[in-house]
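Read the structure below first, then the notes.
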Amino acid sequence: DQQVKQNSPSLSVQEGRISILNCDYTNSMFDYFLWYKKYPAEGPTFLISISSIKDKNEDGRFTVFLNKSAKHLSLHIVPSQPGDSAVYFCAASAGGSQGNLIFGKGTKLSVKP
Amino acid sequence: KAGVTQTPRYLIKTRGQQVTLSCSPISGHRSVSWYQQTPGQGLQFLFEYFSETQRNKGNFPGRFSGRQFSNSRSEMNVSTLELGDSALYLCASSFTGDYGYTFGSGTRLTVV
């Protein structure tokens, strides 16, 4: 049973517009959430994270929103750039350790010039 | 500083064989985690080692095992390979073992 779900396998956005990637989770014990970006033939690269005690975290063009009651988080990229084209993974952990992350299956973002 | 290094980058093995993959963490990092990535299942946690002790284990059969050495380098071993073990195996390391994991580029294992 998938504990972290990314229901959109792909997303296409025009350069300069907002990209919104969504993620749902089922385990209420998760207390830390992360977004990773992955290019082909490379390992995932950490983007941004959020603790369950917050509902928003911002880092430059990237903002993550957490809605605990809905068990939903989203990643907003504004403005989107062609270099943002990659697979984005949502991940969650419980108990403070990020050594054993539960990943979603990823959303492939394509940003068109 | 050097990142997480995984060797080899690519590997082809035959069903029934065993394989050992290696991970050299970032210098000073004491925690190493291993993940398997497949098109169908995505990224799945295998196990985590901290200071030579296995701290967490994912839901994989006993054919998958690992260890960590005193210099924090880690190896994972898969015995009696099956076609379904074909995947990208990723290693990630962290200093504290609580956050700040950096991933390597992975080892692409193909079982034929």
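Order determines the names: the first chain of the structure tokens is A, the second B, and so forth; residues in each chain are numbered 1 upward, and ligands are numbered 1 upward as they are shown.
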Next item on the list: Kindly provide, as an MDAnalysis selection string, the residues of chain A having any atom no farther than 9 Å from an atom of chain B, counting only C-alpha atoms.
Entry: chainID A and resid 41:46 89 96:106
Keeping only N, CA, C and O atoms, take the residues you just selected and write them out as a PDB file, in the first residue's frame.
ATOM      1  N   ALA A  41      20.112   9.535 -14.974  1.00  0.00           N
ATOM      2  CA  ALA A  41      21.485   9.079 -14.708  1.00  0.00           C
ATOM      3  C   ALA A  41      22.137   9.823 -13.535  1.00  0.00           C
ATOM      4  O   ALA A  41      23.368   9.786 -13.389  1.00  0.00           O
ATOM      5  N   GLU A  42      21.343  10.509 -12.722  1.00  0.00           N
ATOM      6  CA  GLU A  42      21.884  11.147 -11.525  1.00  0.00           C
ATOM      7  C   GLU A  42      21.050  10.744 -10.320  1.00  0.00           C
ATOM      8  O   GLU A  42      19.896  10.322 -10.447  1.00  0.00           O
ATOM      9  N   GLY A  43      21.629  10.889  -9.124  1.00  0.00           N
ATOM     10  CA  GLY A  43      20.857  10.645  -7.925  1.00  0.00           C
ATOM     11  C   GLY A  43      19.926  11.814  -7.639  1.00  0.00           C
ATOM     12  O   GLY A  43      20.095  12.898  -8.174  1.00  0.00           O
ATOM     13  N   PRO A  44      18.913  11.598  -6.789  1.00  0.00           N
ATOM     14  CA  PRO A  44      18.011  12.696  -6.420  1.00  0.00           C
ATOM     15  C   PRO A  44      18.771  13.818  -5.714  1.00  0.00           C
ATOM     16  O   PRO A  44      19.706  13.562  -4.947  1.00  0.00           O
ATOM     17  N   THR A  45      18.348  15.028  -5.975  1.00  0.00           N
ATOM     18  CA  THR A  45      18.939  16.207  -5.337  1.00  0.00           C
ATOM     19  C   THR A  45      17.894  16.855  -4.454  1.00  0.00           C
ATOM     20  O   THR A  45      16.780  17.132  -4.909  1.00  0.00           O
ATOM     21  N   PHE A  46      18.249  17.107  -3.215  1.00  0.00           N
ATOM     22  CA  PHE A  46      17.327  17.730  -2.278  1.00  0.00           C
ATOM     23  C   PHE A  46      16.955  19.139  -2.730  1.00  0.00           C
ATOM     24  O   PHE A  46      17.808  19.934  -3.143  1.00  0.00           O
ATOM     25  N   PHE A  89      10.276  14.131  -6.864  1.00  0.00           N
ATOM     26  CA  PHE A  89       9.811  13.135  -5.904  1.00  0.00           C
ATOM     27  C   PHE A  89       9.445  13.808  -4.593  1.00  0.00           C
ATOM     28  O   PHE A  89      10.184  14.625  -4.068  1.00  0.00           O
ATOM     29  N   GLY A  96      11.726  11.719  12.989  1.00  0.00           N
ATOM     30  CA  GLY A  96      12.897  12.598  12.946  1.00  0.00           C
ATOM     31  C   GLY A  96      14.049  12.126  12.101  1.00  0.00           C
ATOM     32  O   GLY A  96      14.942  12.884  11.782  1.00  0.00           O
ATOM     33  N   SER A  97      14.074  10.863  11.696  1.00  0.00           N
ATOM     34  CA  SER A  97      15.199  10.384  10.903  1.00  0.00           C
ATOM     35  C   SER A  97      14.849  10.397   9.427  1.00  0.00           C
ATOM     36  O   SER A  97      13.792   9.922   9.041  1.00  0.00           O
ATOM     37  N   GLN A  98      15.750  10.965   8.651  1.00  0.00           N
ATOM     38  CA  GLN A  98      15.522  10.940   7.210  1.00  0.00           C
ATOM     39  C   GLN A  98      16.306   9.821   6.552  1.00  0.00           C
ATOM     40  O   GLN A  98      16.476   9.814   5.344  1.00  0.00           O
ATOM     41  N   GLY A  99      16.789   8.910   7.349  1.00  0.00           N
ATOM     42  CA  GLY A  99      17.556   7.812   6.771  1.00  0.00           C
ATOM     43  C   GLY A  99      16.700   6.806   6.074  1.00  0.00           C
ATOM     44  O   GLY A  99      17.179   6.032   5.247  1.00  0.00           O
ATOM     45  N   ASN A 100      15.413   6.781   6.415  1.00  0.00           N
ATOM     46  CA  ASN A 100      14.510   5.826   5.775  1.00  0.00           C
ATOM     47  C   ASN A 100      13.290   6.563   5.255  1.00  0.00           C
ATOM     48  O   ASN A 100      12.229   6.569   5.846  1.00  0.00           O
ATOM     49  N   LEU A 101      13.500   7.208   4.135  1.00  0.00           N
ATOM     50  CA  LEU A 101      12.443   7.989   3.518  1.00  0.00           C
ATOM     51  C   LEU A 101      11.487   7.112   2.742  1.00  0.00           C
ATOM     52  O   LEU A 101      11.895   6.119   2.122  1.00  0.00           O
ATOM     53  N   ILE A 102      10.213   7.507   2.749  1.00  0.00           N
ATOM     54  CA  ILE A 102       9.200   6.871   1.918  1.00  0.00           C
ATOM     55  C   ILE A 102       8.928   7.824   0.765  1.00  0.00           C
ATOM     56  O   ILE A 102       8.526   8.971   0.989  1.00  0.00           O
ATOM     57  N   PHE A 103       9.185   7.354  -0.439  1.00  0.00           N
ATOM     58  CA  PHE A 103       9.076   8.200  -1.621  1.00  0.00           C
ATOM     59  C   PHE A 103       7.775   7.946  -2.371  1.00  0.00           C
ATOM     60  O   PHE A 103       7.266   6.818  -2.403  1.00  0.00           O
ATOM     61  N   GLY A 104       7.267   8.997  -3.016  1.00  0.00           N
ATOM     62  CA  GLY A 104       6.241   8.835  -4.026  1.00  0.00           C
ATOM     63  C   GLY A 104       6.894   8.360  -5.311  1.00  0.00           C
ATOM     64  O   GLY A 104       8.119   8.263  -5.395  1.00  0.00           O
ATOM     65  N   LYS A 105       6.087   8.078  -6.323  1.00  0.00           N
ATOM     66  CA  LYS A 105       6.635   7.536  -7.565  1.00  0.00           C
ATOM     67  C   LYS A 105       7.103   8.604  -8.532  1.00  0.00           C
ATOM     68  O   LYS A 105       7.641   8.288  -9.592  1.00  0.00           O
ATOM     69  N   GLY A 106       6.907   9.848  -8.164  1.00  0.00           N
ATOM     70  CA  GLY A 106       7.475  10.918  -8.977  1.00  0.00           C
ATOM     71  C   GLY A 106       6.523  11.520  -9.981  1.00  0.00           C
ATOM     72  O   GLY A 106       5.571  10.882 -10.444  1.00  0.00           O
TER      73      GLY A 106
END
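Within the 9 Å cut-off around Lys54 (chain A), using only C-alpha atoms and omitting residues fewer than 3 positions from it on the same chain, the listed residues are Ile50, Ser51, Asn57, Phe65 and Leu66 of chain A.
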Item checked: Near-region 8-25 of chain A list (9 Å; only C-alpha atoms; drop same-chain fewer than 4 positions) as a ChimeraX atom specification -> /A:2-4,30,70-82,87-92,104-113
For those residues, write C-alpha atoms to a file as a PDB file, in the first residue's frame.
ATOM      1  CA  GLN A   2       1.479   3.315  -1.075  1.00  0.00           C
ATOM      2  CA  GLN A   3       1.935   5.666   1.855  1.00  0.00           C
ATOM      3  CA  VAL A   4       3.068   8.559  -0.333  1.00  0.00           C
ATOM      4  CA  PHE A  30       4.947  11.301   9.100  1.00  0.00           C
ATOM      5  CA  ALA A  70      -5.964  16.793   4.238  1.00  0.00           C
ATOM      6  CA  LYS A  71      -2.647  14.891   4.383  1.00  0.00           C
ATOM      7  CA  HIS A  72      -1.581  16.810   1.318  1.00  0.00           C
ATOM      8  CA  LEU A  73       1.463  18.780   0.318  1.00  0.00           C
ATOM      9  CA  SER A  74       2.350  20.677  -2.787  1.00  0.00           C
ATOM     10  CA  LEU A  75       5.439  22.179  -4.360  1.00  0.00           C
ATOM     11  CA  HIS A  76       5.091  25.482  -6.203  1.00  0.00           C
ATOM     12  CA  ILE A  77       7.774  26.638  -8.612  1.00  0.00           C
ATOM     13  CA  VAL A  78       7.488  30.262  -9.685  1.00  0.00           C
ATOM     14  CA  PRO A  79       8.525  31.212 -12.291  1.00  0.00           C
ATOM     15  CA  SER A  80       9.177  27.876 -13.991  1.00  0.00           C
ATOM     16  CA  GLN A  81      12.313  27.608 -16.098  1.00  0.00           C
ATOM     17  CA  PRO A  82      13.330  25.043 -18.749  1.00  0.00           C
ATOM     18  CA  VAL A  87      11.330  14.177 -12.220  1.00  0.00           C
ATOM     19  CA  TYR A  88      10.189  15.486  -8.844  1.00  0.00           C
ATOM     20  CA  PHE A  89       9.811  13.135  -5.904  1.00  0.00           C
ATOM     21  CA  CYS A  90       7.896  13.785  -2.745  1.00  0.00           C
ATOM     22  CA  ALA A  91       9.240  11.951   0.324  1.00  0.00           C
ATOM     23  CA  ALA A  92       8.225  11.594   3.950  1.00  0.00           C
ATOM     24  CA  GLY A 104       6.241   8.835  -4.026  1.00  0.00           C
ATOM     25  CA  LYS A 105       6.635   7.536  -7.565  1.00  0.00           C
ATOM     26  CA  GLY A 106       7.475  10.918  -8.977  1.00  0.00           C
ATOM     27  CA  THR A 107       6.046  13.504 -11.351  1.00  0.00           C
ATOM     28  CA  LYS A 108       7.883  14.326 -14.551  1.00  0.00           C
ATOM     29  CA  LEU A 109       7.841  18.073 -15.073  1.00  0.00           C
ATOM     30  CA  SER A 110       8.430  19.498 -18.537  1.00  0.00           C
ATOM     31  CA  VAL A 111       8.865  23.239 -18.798  1.00  0.00           C
ATOM     32  CA  LYS A 112       8.484  24.419 -22.374  1.00  0.00           C
ATOM     33  CA  PRO A 113      10.232  27.569 -23.632  1.00  0.00           C
TER      34      PRO A 113
END
Checklist line | For CA of Gln68 (chain B) and CA of His29 (chain B), the interatomic separation in Å (one decimal) | finding: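 Going from CA of Gln68 (chain B) over to CA of His29 (chain B), I get 11.9 Å.
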Checklist line | Residue contacts of Ser24 (chain B) (7 Å, only C-alpha atoms) excluding same-chain residues fewer than 6 positions away, as a VMD selection string | finding: chain B and resid 4 to 6 73 to 74
Margin query: Among region 75-104 of chain B, which residues does DSSP mark as strand (DSSP E or B) when it is run on the backbone? Keep the chain and numbering as in the structure and answer as a PyMOL selection string.
Written below: chain B and resi 75-78+87-94+102-103
Can you write out the residues you just picked, keeping N, CA and C atoms, as a compact mmCIF listing (two decimals), in the first residue's frame?
# COMPACT_ATOMS: atom_id res chain seq x y z
N GLU B 75 28.63 -1.44 1.82
CA GLU B 75 28.38 -2.34 0.70
C GLU B 75 27.00 -2.94 0.86
N MET B 76 26.36 -3.21 -0.28
CA MET B 76 25.15 -4.00 -0.23
C MET B 76 25.34 -5.21 -1.13
N ASN B 77 24.76 -6.30 -0.72
CA ASN B 77 24.91 -7.56 -1.42
C ASN B 77 23.52 -8.10 -1.77
N VAL B 78 23.40 -8.59 -2.98
CA VAL B 78 22.16 -9.27 -3.37
C VAL B 78 22.54 -10.66 -3.82
N ALA B 87 17.51 -2.84 -11.48
CA ALA B 87 17.09 -1.55 -10.91
C ALA B 87 18.29 -0.62 -10.82
N LEU B 88 17.98 0.63 -10.46
CA LEU B 88 19.03 1.58 -10.09
C LEU B 88 19.12 1.55 -8.57
N TYR B 89 20.29 1.26 -8.05
CA TYR B 89 20.50 1.21 -6.59
C TYR B 89 21.22 2.49 -6.17
N LEU B 90 20.58 3.22 -5.28
CA LEU B 90 21.08 4.51 -4.84
C LEU B 90 21.53 4.45 -3.39
N CYS B 91 22.60 5.14 -3.12
CA CYS B 91 23.13 5.25 -1.77
C CYS B 91 23.07 6.72 -1.38
N ALA B 92 22.78 7.00 -0.12
CA ALA B 92 22.76 8.37 0.37
C ALA B 92 23.48 8.43 1.70
N SER B 93 24.19 9.52 1.94
CA SER B 93 24.92 9.62 3.22
C SER B 93 24.59 10.91 3.93
N SER B 94 24.79 10.88 5.24
CA SER B 94 24.52 12.03 6.09
C SER B 94 25.49 12.03 7.26
N THR B 102 22.67 13.23 1.22
CA THR B 102 23.11 13.49 -0.15
C THR B 102 23.17 12.16 -0.88
N PHE B 103 22.57 12.13 -2.06
CA PHE B 103 22.54 10.90 -2.83
C PHE B 103 23.72 10.80 -3.80
Check: In Å, how far is it from CA of Ser93 (chain A) to CA of Ser27 (chain B)?
Finding: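 Separation of CA of Ser93 (chain A) and CA of Ser27 (chain B): 24.5 Å.
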Next item on the list: Record the distance separating CA of Leu11 (chain B) and CA of Phe69 (chain B), expressed in Å with one decimal.
Entry: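 So the answer is 22.7 Å.
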